[in-house]
Amino acid sequence: EYSWNSLLIGYLKNHEPKNAFAVHKRMEDLGTMNVSDPAFVLLLKACAEDYDFGKGYELHNISTRLGLVESNVFIGSTMIDMYSKFGLLMEAKQVFISMSAHDVVSWTALIAGYVEHKCWMEALDCFQKMQQECVSPNGATYACVLRACCSIRDITRGRELHAEAGRWGMLESHSSIGSALIDMYMKCGLLNCAQEVFDSLISNDVVSWTVLISGYVENGFDYKALHLIEQMQAEGVFYNAFTVVCGLRVCCNLLFRNKVQQLHMEAERQGLFEDNPLVCGTLMNAYAKCGLMDKGRQAFDKFPVRNSNIWTTLILGYAENGLFEEVCDLLNHMELEGCSPD
RNA sequence: CGGAAGACAGCCU
């Protein structure tokens, strides 16, 4: 039994859900052993990531039979998360209700589900109920709830949460709260508040940097954003895909051709380019706006994935630059490669 | 370290 569970966990940690499911099936068929709780949690996560509804339901049935949801809050929380990732919020809520005890993670999983599906009011209600039941929020909880406040532009509520988290002394140590706050203030046009939060964080990670920078871009401060990107690099924080996309947007607004190419090179060096259609699309768009279609074409050629989005971006680029012959060629080419225009 | 968490581009309307 022990070695079967180890094998199962091994596959799950290696992100080989198919093998894991096969092992699990054999264990079920043999019918003589129990899947360990940690393995069960990982199985549920694998279903969520794989979007495997059938296996998810099967696991739910098994756990009902064994009373696992009631007895183990890890399993319950993971199942809430799985259903929420499936988009089945009613199911997620049912699981939550069927649990015998709720901790901060199970509450937060449900709140996160509501937030993810834009049920802002439900999320806020849920948060209130959680506090009524005297479960203390943690950084993840605040981050979720702040996202809800931000989306409905409830800055009053957001400020209250800001103060509350501050009273608990959670701001410095939880960058997720900081990032959510910066984002909220930026989206509400309160640039100074956002900057204040950023400056108050003990260590800023790539997300808090990127949120701040995006905020300046959204509010029209392209030069400020560009300056911050350089500062971020100087402090040794590495780009991620969001940062690159944001930087490209700035360069595009300012028509800084050299900077676009520089970002392109850095994105490639950090491996952000090859597996990310968003980065590639933004890059091609930036080149198009800068009138550098040959560079855009090079990016396209290097990119391993072909989908209609990528094709469309390229074709639009040629169209914007008045290169209509290329547009026609590419439309044909695209269909030859089995991609139909939309 | 068996569970939850923060930023989501371009085009068009």
# chains A, B, ... in the order shown; residues from 1 in each chain; ligands from 1

call {"tool": "closest_atom_pairs", "arguments": {"of": "chain B", "to": "chain A", "cutoff": "6 Å", "atoms": "only C-alpha atoms (C1' of nucleotides)", "output": "JSON lines"}}
result
{"residue": "B:G2", "atom": "C1'", "partner": "A:Pro38", "partner_atom": "CA", "distance": 3.8}
{"residue": "B:G3", "atom": "C1'", "partner": "A:Phe74", "partner_atom": "CA", "distance": 4.6}
{"residue": "B:A4", "atom": "C1'", "partner": "A:Ala109", "partner_atom": "CA", "distance": 4.5}
{"residue": "B:A5", "atom": "C1'", "partner": "A:Ala140", "partner_atom": "CA", "distance": 3.5}
{"residue": "B:G6", "atom": "C1'", "partner": "A:Ser176", "partner_atom": "CA", "distance": 4.2}
{"residue": "B:A7", "atom": "C1'", "partner": "A:Val211", "partner_atom": "CA", "distance": 4.7}
{"residue": "B:A9", "atom": "C1'", "partner": "A:Thr282", "partner_atom": "CA", "distance": 5.9}

call {"tool": "closest_residue", "arguments": {"among": "A:Tyr287, A:Phe303, A:Tyr11, A:Phe324", "to": "G10 (chain B)", "atoms": "only C-alpha atoms (C1' of nucleotides)"}}
result
A:Tyr287

call {"tool": "atom_distance", "arguments": {"atom1": "CA of Ser84 (chain A)", "atom2": "CA of Glu116 (chain A)"}}
result
8.2 Å
